[in-house]
$ cat coords.cif   # mmCIF, C-alpha atoms
data_final
#
loop_
_atom_site.group_PDB
_atom_site.id
_atom_site.type_symbol
_atom_site.label_atom_id
_atom_site.label_comp_id
_atom_site.auth_asym_id
_atom_site.auth_seq_id
_atom_site.Cartn_x
_atom_site.Cartn_y
_atom_site.Cartn_z
ATOM 1 C CA MET A 20 87.115 172.273 63.103
ATOM 2 C CA LEU A 21 83.652 170.847 62.481
ATOM 3 C CA TYR A 22 85.137 167.368 62.511
ATOM 4 C CA ALA A 23 86.732 168.055 65.906
ATOM 5 C CA LEU A 24 83.465 169.471 67.205
ATOM 6 C CA ASP A 25 81.532 166.454 65.974
ATOM 7 C CA LEU A 26 84.007 164.029 67.507
ATOM 8 C CA SER A 27 84.258 165.936 70.782
ATOM 9 C CA LEU A 28 80.505 165.930 71.307
ATOM 10 C CA ASP A 29 79.997 162.313 70.325
ATOM 11 C CA SER A 30 81.306 160.587 73.402
ATOM 12 C CA GLU A 31 83.781 160.607 76.254
ATOM 13 C CA GLU A 32 86.306 158.775 74.078
ATOM 14 C CA GLY A 33 85.732 161.198 71.220
ATOM 15 C CA PHE A 34 86.354 164.134 73.510
ATOM 16 C CA ALA A 35 89.507 162.459 74.846
ATOM 17 C CA SER A 36 90.796 161.785 71.344
ATOM 18 C CA VAL A 37 90.271 165.398 70.290
ATOM 19 C CA LYS A 38 91.963 166.588 73.452
ATOM 20 C CA ALA A 39 94.901 164.239 72.838
ATOM 21 C CA GLY A 40 95.067 165.292 69.208
ATOM 22 C CA LEU A 41 95.372 168.945 70.174
ATOM 23 C CA THR A 42 98.382 168.436 72.383
ATOM 24 C CA SER A 43 100.815 167.690 69.546
ATOM 25 C CA PRO A 44 103.036 170.694 68.676
ATOM 26 C CA LEU A 45 101.946 170.636 65.036
ATOM 27 C CA ALA A 46 98.253 170.752 66.009
ATOM 28 C CA LYS A 47 98.975 173.584 68.386
ATOM 29 C CA PHE A 48 100.765 175.494 65.636
ATOM 30 C CA VAL A 49 97.892 174.984 63.191
ATOM 31 C CA ILE A 50 95.352 176.085 65.803
ATOM 32 C CA TRP A 51 97.450 179.111 66.634
ATOM 33 C CA ALA A 52 97.792 180.052 62.947
ATOM 34 C CA LEU A 53 94.035 179.740 62.372
ATOM 35 C CA LEU A 54 93.334 181.684 65.550
ATOM 36 C CA SER A 55 95.787 184.423 64.548
ATOM 37 C CA ALA A 56 94.154 184.867 61.159
ATOM 38 C CA LEU A 57 90.732 185.032 62.778
ATOM 39 C CA LEU A 58 91.879 187.462 65.472
ATOM 40 C CA TYR A 59 93.386 189.793 62.879
ATOM 41 C CA HIS A 60 90.218 189.563 60.776
ATOM 42 C CA LEU A 61 88.173 190.349 63.893
ATOM 43 C CA VAL A 62 90.246 193.375 64.845
ATOM 44 C CA ALA A 63 90.309 194.726 61.293
ATOM 45 C CA GLY A 64 86.583 193.991 61.028
ATOM 46 C CA VAL A 65 85.846 195.988 64.131
ATOM 47 C CA ARG A 66 87.862 198.836 62.651
ATOM 48 C CA HIS A 67 85.708 198.673 59.504
ATOM 49 C CA LEU A 68 82.577 198.818 61.617
ATOM 50 C CA ILE A 69 83.989 201.898 63.337
ATOM 51 C CA MET A 70 84.819 203.432 59.994
ATOM 52 C CA ASP A 71 81.234 202.773 58.902
ATOM 53 C CA THR A 72 80.206 205.276 61.553
ATOM 54 C CA GLY A 73 82.439 207.822 59.857
ATOM 55 C CA ILE A 74 85.292 207.800 62.358
ATOM 56 C CA GLY A 75 88.787 207.446 60.919
ATOM 57 C CA GLU A 76 87.898 207.955 57.295
ATOM 58 C CA THR A 77 90.395 210.727 56.588
ATOM 59 C CA LEU A 78 93.828 209.872 55.247
ATOM 60 C CA GLU A 79 95.457 210.448 58.630
ATOM 61 C CA GLY A 80 92.626 208.707 60.459
ATOM 62 C CA GLY A 81 92.881 205.737 58.140
ATOM 63 C CA LYS A 82 96.621 205.491 58.593
ATOM 64 C CA ARG A 83 96.363 205.684 62.370
ATOM 65 C CA GLY A 84 93.517 203.150 62.329
ATOM 66 C CA SER A 85 95.642 200.663 60.430
ATOM 67 C CA GLN A 86 98.539 201.092 62.814
ATOM 68 C CA ILE A 87 96.204 200.558 65.766
ATOM 69 C CA VAL A 88 94.788 197.420 64.140
ATOM 70 C CA ILE A 89 98.245 195.963 63.572
ATOM 71 C CA ALA A 90 99.363 196.810 67.107
ATOM 72 C CA VAL A 91 96.239 195.343 68.714
ATOM 73 C CA SER A 92 96.396 192.271 66.488
ATOM 74 C CA VAL A 93 100.021 191.560 67.380
ATOM 75 C CA VAL A 94 99.239 191.825 71.096
ATOM 76 C CA VAL A 95 96.194 189.556 70.873
ATOM 77 C CA ILE A 96 97.950 187.003 68.667
ATOM 78 C CA VAL A 97 100.891 186.788 71.082
ATOM 79 C CA LEU A 98 98.418 186.298 73.953
ATOM 80 C CA ALA A 99 96.733 183.524 71.968
ATOM 81 C CA GLY A 100 100.136 181.903 71.490
ATOM 82 C CA VAL A 101 100.844 182.051 75.214
ATOM 83 C CA TRP A 102 97.411 180.628 75.964
ATOM 84 C CA ILE A 103 97.865 177.750 73.524
ATOM 85 C CA TRP A 104 101.351 176.838 74.632
ATOM 86 C CA MET B 29 73.116 197.796 32.457
ATOM 87 C CA VAL B 30 74.612 196.285 35.555
ATOM 88 C CA THR B 31 73.936 192.549 35.677
ATOM 89 C CA ASN B 32 74.684 191.338 39.176
ATOM 90 C CA VAL B 33 73.332 187.876 39.578
ATOM 91 C CA THR B 34 75.851 186.107 41.766
ATOM 92 C CA ASN B 35 75.695 188.336 44.798
ATOM 93 C CA LEU B 36 73.681 187.316 47.819
ATOM 94 C CA SER B 37 70.634 189.515 47.297
ATOM 95 C CA ARG B 38 69.180 191.840 44.709
ATOM 96 C CA SER B 39 70.836 194.981 46.003
ATOM 97 C CA GLY B 40 74.384 195.840 46.961
ATOM 98 C CA LEU B 41 73.202 197.708 50.010
ATOM 99 C CA TYR B 42 71.434 194.629 51.357
ATOM 100 C CA ASP B 43 74.641 192.602 50.919
ATOM 101 C CA TRP B 44 76.585 195.349 52.639
ATOM 102 C CA MET B 45 74.195 195.272 55.590
ATOM 103 C CA ALA B 46 74.050 191.478 55.698
ATOM 104 C CA GLN B 47 77.822 191.325 55.939
ATOM 105 C CA ARG B 48 77.926 193.852 58.804
ATOM 106 C CA VAL B 49 75.130 192.184 60.741
ATOM 107 C CA SER B 50 76.597 188.715 60.258
ATOM 108 C CA ALA B 51 80.000 190.064 61.319
ATOM 109 C CA VAL B 52 78.586 191.307 64.598
ATOM 110 C CA VAL B 53 76.851 187.977 65.236
ATOM 111 C CA LEU B 54 80.030 186.068 64.445
ATOM 112 C CA ALA B 55 82.140 188.360 66.634
ATOM 113 C CA ALA B 56 79.734 187.851 69.540
ATOM 114 C CA TYR B 57 79.755 184.079 69.063
ATOM 115 C CA PHE B 58 83.524 183.871 68.758
ATOM 116 C CA ILE B 59 84.202 186.062 71.784
ATOM 117 C CA PHE B 60 81.684 184.038 73.817
ATOM 118 C CA LEU B 61 83.314 180.765 72.819
ATOM 119 C CA ILE B 62 86.869 181.936 73.486
ATOM 120 C CA GLY B 63 85.736 183.396 76.820
ATOM 121 C CA TYR B 64 84.057 180.104 77.685
ATOM 122 C CA LEU B 65 87.199 178.111 76.862
ATOM 123 C CA ILE B 66 89.407 180.484 78.857
ATOM 124 C CA ALA B 67 86.989 180.367 81.785
ATOM 125 C CA HIS B 68 86.974 176.552 81.791
ATOM 126 C CA PRO B 69 90.640 175.495 81.718
ATOM 127 C CA GLY B 70 90.062 171.924 82.806
ATOM 128 C CA LEU B 71 87.167 171.393 80.404
ATOM 129 C CA ASP B 72 85.737 167.881 80.515
ATOM 130 C CA PHE B 73 83.255 166.070 78.320
ATOM 131 C CA ALA B 74 80.314 166.544 80.680
ATOM 132 C CA THR B 75 80.429 170.341 80.804
ATOM 133 C CA TRP B 76 81.247 170.629 77.097
ATOM 134 C CA HIS B 77 78.373 168.358 76.158
ATOM 135 C CA ALA B 78 76.082 170.180 78.579
ATOM 136 C CA LEU B 79 76.925 173.502 76.977
ATOM 137 C CA PHE B 80 75.787 172.285 73.576
ATOM 138 C CA SER B 81 72.695 170.635 75.035
ATOM 139 C CA HIS B 82 71.224 173.986 76.059
ATOM 140 C CA ASN B 83 68.826 175.054 73.346
ATOM 141 C CA ALA B 84 70.043 178.625 73.721
ATOM 142 C CA MET B 85 73.550 177.527 72.707
ATOM 143 C CA ARG B 86 72.198 175.450 69.851
ATOM 144 C CA ILE B 87 70.191 178.354 68.520
ATOM 145 C CA PHE B 88 73.136 180.723 68.962
ATOM 146 C CA SER B 89 75.410 178.241 67.156
ATOM 147 C CA LEU B 90 72.923 177.820 64.338
ATOM 148 C CA LEU B 91 72.569 181.575 64.075
ATOM 149 C CA ALA B 92 76.346 181.855 63.861
ATOM 150 C CA LEU B 93 76.377 179.163 61.187
ATOM 151 C CA VAL B 94 73.802 181.020 59.095
ATOM 152 C CA ALA B 95 75.686 184.261 59.648
ATOM 153 C CA LEU B 96 78.898 182.546 58.583
ATOM 154 C CA ALA B 97 77.244 181.329 55.374
ATOM 155 C CA ALA B 98 76.050 184.835 54.494
ATOM 156 C CA HIS B 99 79.310 186.490 55.584
ATOM 157 C CA ALA B 100 81.416 184.040 53.605
ATOM 158 C CA TRP B 101 79.226 184.305 50.514
ATOM 159 C CA VAL B 102 79.372 188.094 50.411
ATOM 160 C CA GLY B 103 83.062 188.064 51.316
ATOM 161 C CA MET B 104 84.041 185.573 48.651
ATOM 162 C CA TRP B 105 81.794 187.295 46.121
ATOM 163 C CA THR B 106 83.587 190.564 46.840
ATOM 164 C CA ILE B 107 86.977 188.911 46.378
ATOM 165 C CA ALA B 108 85.902 187.065 43.232
ATOM 166 C CA THR B 109 84.460 190.141 41.556
ATOM 167 C CA ASP B 110 87.534 192.163 42.519
ATOM 168 C CA TYR B 111 90.199 189.779 41.280
ATOM 169 C CA LEU B 112 88.721 187.306 38.807
ATOM 170 C CA THR B 113 88.162 189.987 36.207
ATOM 171 C CA PRO B 114 88.495 190.202 32.419
ATOM 172 C CA MET B 115 91.489 192.468 33.037
ATOM 173 C CA ALA B 116 93.199 189.652 34.924
ATOM 174 C CA LEU B 117 91.962 186.593 33.046
ATOM 175 C CA GLY B 118 90.771 187.837 29.673
ATOM 176 C CA ASN B 119 87.468 186.587 28.318
ATOM 177 C CA SER B 120 87.424 183.383 30.368
ATOM 178 C CA ALA B 121 87.077 185.449 33.544
ATOM 179 C CA THR B 122 83.351 184.999 33.848
ATOM 180 C CA VAL B 123 83.539 181.209 33.664
ATOM 181 C CA VAL B 124 86.391 181.032 36.167
ATOM 182 C CA ARG B 125 84.590 183.413 38.533
ATOM 183 C CA PHE B 126 81.339 181.468 38.260
ATOM 184 C CA LEU B 127 83.073 178.163 38.995
ATOM 185 C CA PHE B 128 84.961 179.719 41.888
ATOM 186 C CA GLN B 129 81.748 181.006 43.422
ATOM 187 C CA ALA B 130 79.924 177.753 42.766
ATOM 188 C CA VAL B 131 82.649 175.847 44.607
ATOM 189 C CA CYS B 132 82.536 178.317 47.499
ATOM 190 C CA GLY B 133 78.756 178.051 47.630
ATOM 191 C CA ILE B 134 78.722 174.269 47.649
ATOM 192 C CA ALA B 135 81.464 174.095 50.281
ATOM 193 C CA MET B 136 79.603 176.578 52.463
ATOM 194 C CA PHE B 137 76.333 174.680 52.079
ATOM 195 C CA ALA B 138 78.061 171.396 52.964
ATOM 196 C CA TYR B 139 79.546 172.912 56.115
ATOM 197 C CA PHE B 140 76.173 174.340 57.013
ATOM 198 C CA VAL B 141 74.395 171.003 56.689
ATOM 199 C CA TRP B 142 77.191 169.249 58.577
ATOM 200 C CA GLY B 143 76.986 171.856 61.347
ATOM 201 C CA VAL B 144 73.234 171.475 61.707
ATOM 202 C CA GLN B 145 73.623 167.728 61.833
ATOM 203 C CA ILE B 146 76.197 168.066 64.618
ATOM 204 C CA LEU B 147 74.091 170.504 66.626
ATOM 205 C CA TRP B 148 70.901 168.554 66.373
ATOM 206 C CA GLY B 149 72.505 165.147 66.322
ATOM 207 C CA ILE B 150 73.551 165.224 69.965
#

$ encode --input "coords.cif" --output "structure tokens"
Amino acid sequence: MLYALDLSLDSEEGFASVKAGLTSPLAKFVIWALLSALLYHLVAGVRHLIMDTGIGETLEGGKRGSQIVIAVSVVVIVLAGVWIW
Amino acid sequence: MVTNVTNLSRSGLYDWMAQRVSAVVLAAYFIFLIGYLIAHPGLDFATWHALFSHNAMRIFSLLALVALAAHAWVGMWTIATDYLTPMALGNSATVVRFLFQAVCGIAMFAYFVWGVQILWGI
């Protein structure tokens, strides 16, 4: 990621090469996988922050929270897939 | 006597707070970046380079980088102390855990330096 950032900011050619590199299906899949992991981590992280305020700390609350996290994550990950492809 | 020497700070509470604060910073940075990319479908070099030339973006990126370093350190420390335990690895656990954390620390520091070089090398 840092390498791509470095290359993309270097020059017009660098930017073009990164852009070209990202069009291959394999690159798209890797990006999508990384993005999915990060999106799930983000959603679950937000849930933890909510739990820090005391909401959803009961057994039922925790269970429902997890289900919500999975549901939201699936939706967002699918959207990311659509956006990438 | 609890001997915690490999965590980020002297107290667990500080680590706990550092992880939450860094998480919020990272979430803000990530959402901004994704929003920016979605809002600029036909992104070209000029606008992309211009974005990173604004000092505000550089500072925000550096802040995110520092937050990432802290977040990753506390995160990996939590994982290491949960799983690389004497119960799992016997008496070599401490050595394995120390090496694991040293590798994580060095990798994180390398990324940090590389990131700063990119941000200020433009």

$ interface_residues --input "coords.cif" --of "chain B" --to "chain A" --cutoff "12 Å" --atoms "all atoms listed in the file" --output "JSON, numbers by chain"
{"B": [44, 45, 47, 48, 49, 50, 51, 52, 53, 54, 55, 56, 57, 58, 59, 62, 65, 66, 67, 69, 70, 71, 72, 73, 74, 75, 76, 77, 78, 79, 80, 81, 89, 93, 99, 103, 138, 139, 140, 141, 142, 143, 144, 145, 146, 147, 148, 149, 150]}

$ axis_aligned_box --input "coords.cif" --around "stretch 91-96 of chain A" --padding-each-side "8 Å" --output "JSON"
{"center_x": 98.1, "center_y": 191.2, "center_z": 68.8, "size_x": 19.8, "size_y": 24.3, "size_z": 20.6}

$ residues_around --input "coords.cif" --residues "A:Gly80" --least-positions-apart "5" --cutoff "12 Å" --atoms "all atoms listed in the file" --output "list in words"
Arg66, Ile69, Met70, Gly73, Ile74, Gly75, Ser85, Gln86 and Ile87 of chain A

$ atom_distance --input "coords.cif" --atom1 "atom CA of B:Met85" --atom2 "atom CA of A:Ser92"
27.9 Å

$ atom_distance --input "coords.cif" --atom1 "atom CA of B:Cys132" --atom2 "atom CA of A:Lys47"
27.0 Å

$ atom_distance --input "coords.cif" --atom1 "atom CA of A:Pro44" --atom2 "atom CA of A:Trp104"
8.7 Å

$ resolve_selection --input "coords.cif" --expression "the PyMOL selection byres ((chain B and resi 125) around 10)" --output "JSON, numbers by chain"
{"B": [34, 105, 107, 108, 109, 111, 112, 113, 114, 117, 120, 121, 122, 123, 124, 126, 127, 128, 129, 130, 131]}

$ closest_residue --input "coords.cif" --among "A:Lys82, A:Leu41, A:Ser55, A:Thr77" --to "A:Val94" --atoms "all atoms listed in the file"
A:Ser55

$ build_atoms --input "coords.cif" --residues "stretch 41-61 of chain B" --atoms "N, CA, C and O atoms" --output "mmCIF file, in the frame of the given file"
data_model
loop_
_atom_site.group_PDB
_atom_site.id
_atom_site.type_symbol
_atom_site.label_atom_id
_atom_site.label_comp_id
_atom_site.auth_asym_id
_atom_site.auth_seq_id
_atom_site.Cartn_x
_atom_site.Cartn_y
_atom_site.Cartn_z
ATOM 1 N N LEU B 41 73.329 197.176 48.646
ATOM 2 C CA LEU B 41 73.202 197.708 50.010
ATOM 3 C C LEU B 41 72.792 196.590 50.956
ATOM 4 O O LEU B 41 73.296 196.455 52.058
ATOM 5 N N TYR B 42 71.894 195.730 50.489
ATOM 6 C CA TYR B 42 71.434 194.629 51.357
ATOM 7 C C TYR B 42 72.607 193.719 51.703
ATOM 8 O O TYR B 42 72.834 193.334 52.838
ATOM 9 N N ASP B 43 73.450 193.439 50.669
ATOM 10 C CA ASP B 43 74.641 192.602 50.919
ATOM 11 C C ASP B 43 75.542 193.266 51.942
ATOM 12 O O ASP B 43 76.057 192.645 52.871
ATOM 13 N N TRP B 44 75.706 194.596 51.737
ATOM 14 C CA TRP B 44 76.585 195.349 52.639
ATOM 15 C C TRP B 44 76.088 195.213 54.068
ATOM 16 O O TRP B 44 76.822 194.885 54.986
ATOM 17 N N MET B 45 74.787 195.348 54.244
ATOM 18 C CA MET B 45 74.195 195.272 55.590
ATOM 19 C C MET B 45 74.311 193.845 56.132
ATOM 20 O O MET B 45 74.691 193.609 57.263
ATOM 21 N N ALA B 46 74.011 192.879 55.258
ATOM 22 C CA ALA B 46 74.050 191.478 55.698
ATOM 23 C C ALA B 46 75.448 191.125 56.202
ATOM 24 O O ALA B 46 75.615 190.446 57.224
ATOM 25 N N GLN B 47 76.458 191.649 55.516
ATOM 26 C CA GLN B 47 77.822 191.325 55.939
ATOM 27 C C GLN B 47 78.120 191.947 57.305
ATOM 28 O O GLN B 47 78.714 191.321 58.173
ATOM 29 N N ARG B 48 77.648 193.200 57.510
ATOM 30 C CA ARG B 48 77.926 193.852 58.804
ATOM 31 C C ARG B 48 77.192 193.125 59.926
ATOM 32 O O ARG B 48 77.748 192.820 60.972
ATOM 33 N N VAL B 49 75.921 192.834 59.688
ATOM 34 C CA VAL B 49 75.130 192.184 60.741
ATOM 35 C C VAL B 49 75.715 190.818 61.055
ATOM 36 O O VAL B 49 75.932 190.457 62.215
ATOM 37 N N SER B 50 76.042 190.055 60.009
ATOM 38 C CA SER B 50 76.597 188.715 60.258
ATOM 39 C C SER B 50 77.935 188.830 60.970
ATOM 40 O O SER B 50 78.276 188.013 61.830
ATOM 41 N N ALA B 51 78.698 189.878 60.657
ATOM 42 C CA ALA B 51 80.000 190.064 61.319
ATOM 43 C C ALA B 51 79.812 190.271 62.817
ATOM 44 O O ALA B 51 80.526 189.671 63.632
ATOM 45 N N VAL B 52 78.816 191.043 63.171
ATOM 46 C CA VAL B 52 78.586 191.307 64.598
ATOM 47 C C VAL B 52 78.172 190.019 65.306
ATOM 48 O O VAL B 52 78.669 189.681 66.376
ATOM 49 N N VAL B 53 77.297 189.255 64.648
ATOM 50 C CA VAL B 53 76.851 187.977 65.236
ATOM 51 C C VAL B 53 78.048 187.051 65.416
ATOM 52 O O VAL B 53 78.262 186.452 66.474
ATOM 53 N N LEU B 54 78.874 186.963 64.381
ATOM 54 C CA LEU B 54 80.030 186.068 64.445
ATOM 55 C C LEU B 54 81.021 186.530 65.511
ATOM 56 O O LEU B 54 81.584 185.711 66.252
ATOM 57 N N ALA B 55 81.210 187.848 65.619
ATOM 58 C CA ALA B 55 82.140 188.360 66.634
ATOM 59 C C ALA B 55 81.629 187.987 68.021
ATOM 60 O O ALA B 55 82.369 187.474 68.865
ATOM 61 N N ALA B 56 80.315 188.173 68.230
ATOM 62 C CA ALA B 56 79.734 187.851 69.540
ATOM 63 C C ALA B 56 79.934 186.370 69.831
ATOM 64 O O ALA B 56 80.383 185.969 70.905
ATOM 65 N N TYR B 57 79.645 185.528 68.846
ATOM 66 C CA TYR B 57 79.755 184.079 69.063
ATOM 67 C C TYR B 57 81.193 183.676 69.362
ATOM 68 O O TYR B 57 81.493 182.936 70.291
ATOM 69 N N PHE B 58 82.112 184.226 68.587
ATOM 70 C CA PHE B 58 83.524 183.871 68.758
ATOM 71 C C PHE B 58 84.037 184.315 70.131
ATOM 72 O O PHE B 58 84.673 183.546 70.850
ATOM 73 N N ILE B 59 83.718 185.543 70.503
ATOM 74 C CA ILE B 59 84.202 186.062 71.784
ATOM 75 C C ILE B 59 83.595 185.241 72.919
ATOM 76 O O ILE B 59 84.281 184.876 73.881
ATOM 77 N N PHE B 60 82.308 184.876 72.782
ATOM 78 C CA PHE B 60 81.684 184.038 73.817
ATOM 79 C C PHE B 60 82.431 182.717 73.944
ATOM 80 O O PHE B 60 82.799 182.276 75.032
ATOM 81 N N LEU B 61 82.691 182.095 72.794
ATOM 82 C CA LEU B 61 83.314 180.765 72.819
ATOM 83 C C LEU B 61 84.719 180.826 73.401
ATOM 84 O O LEU B 61 85.089 180.028 74.265
#
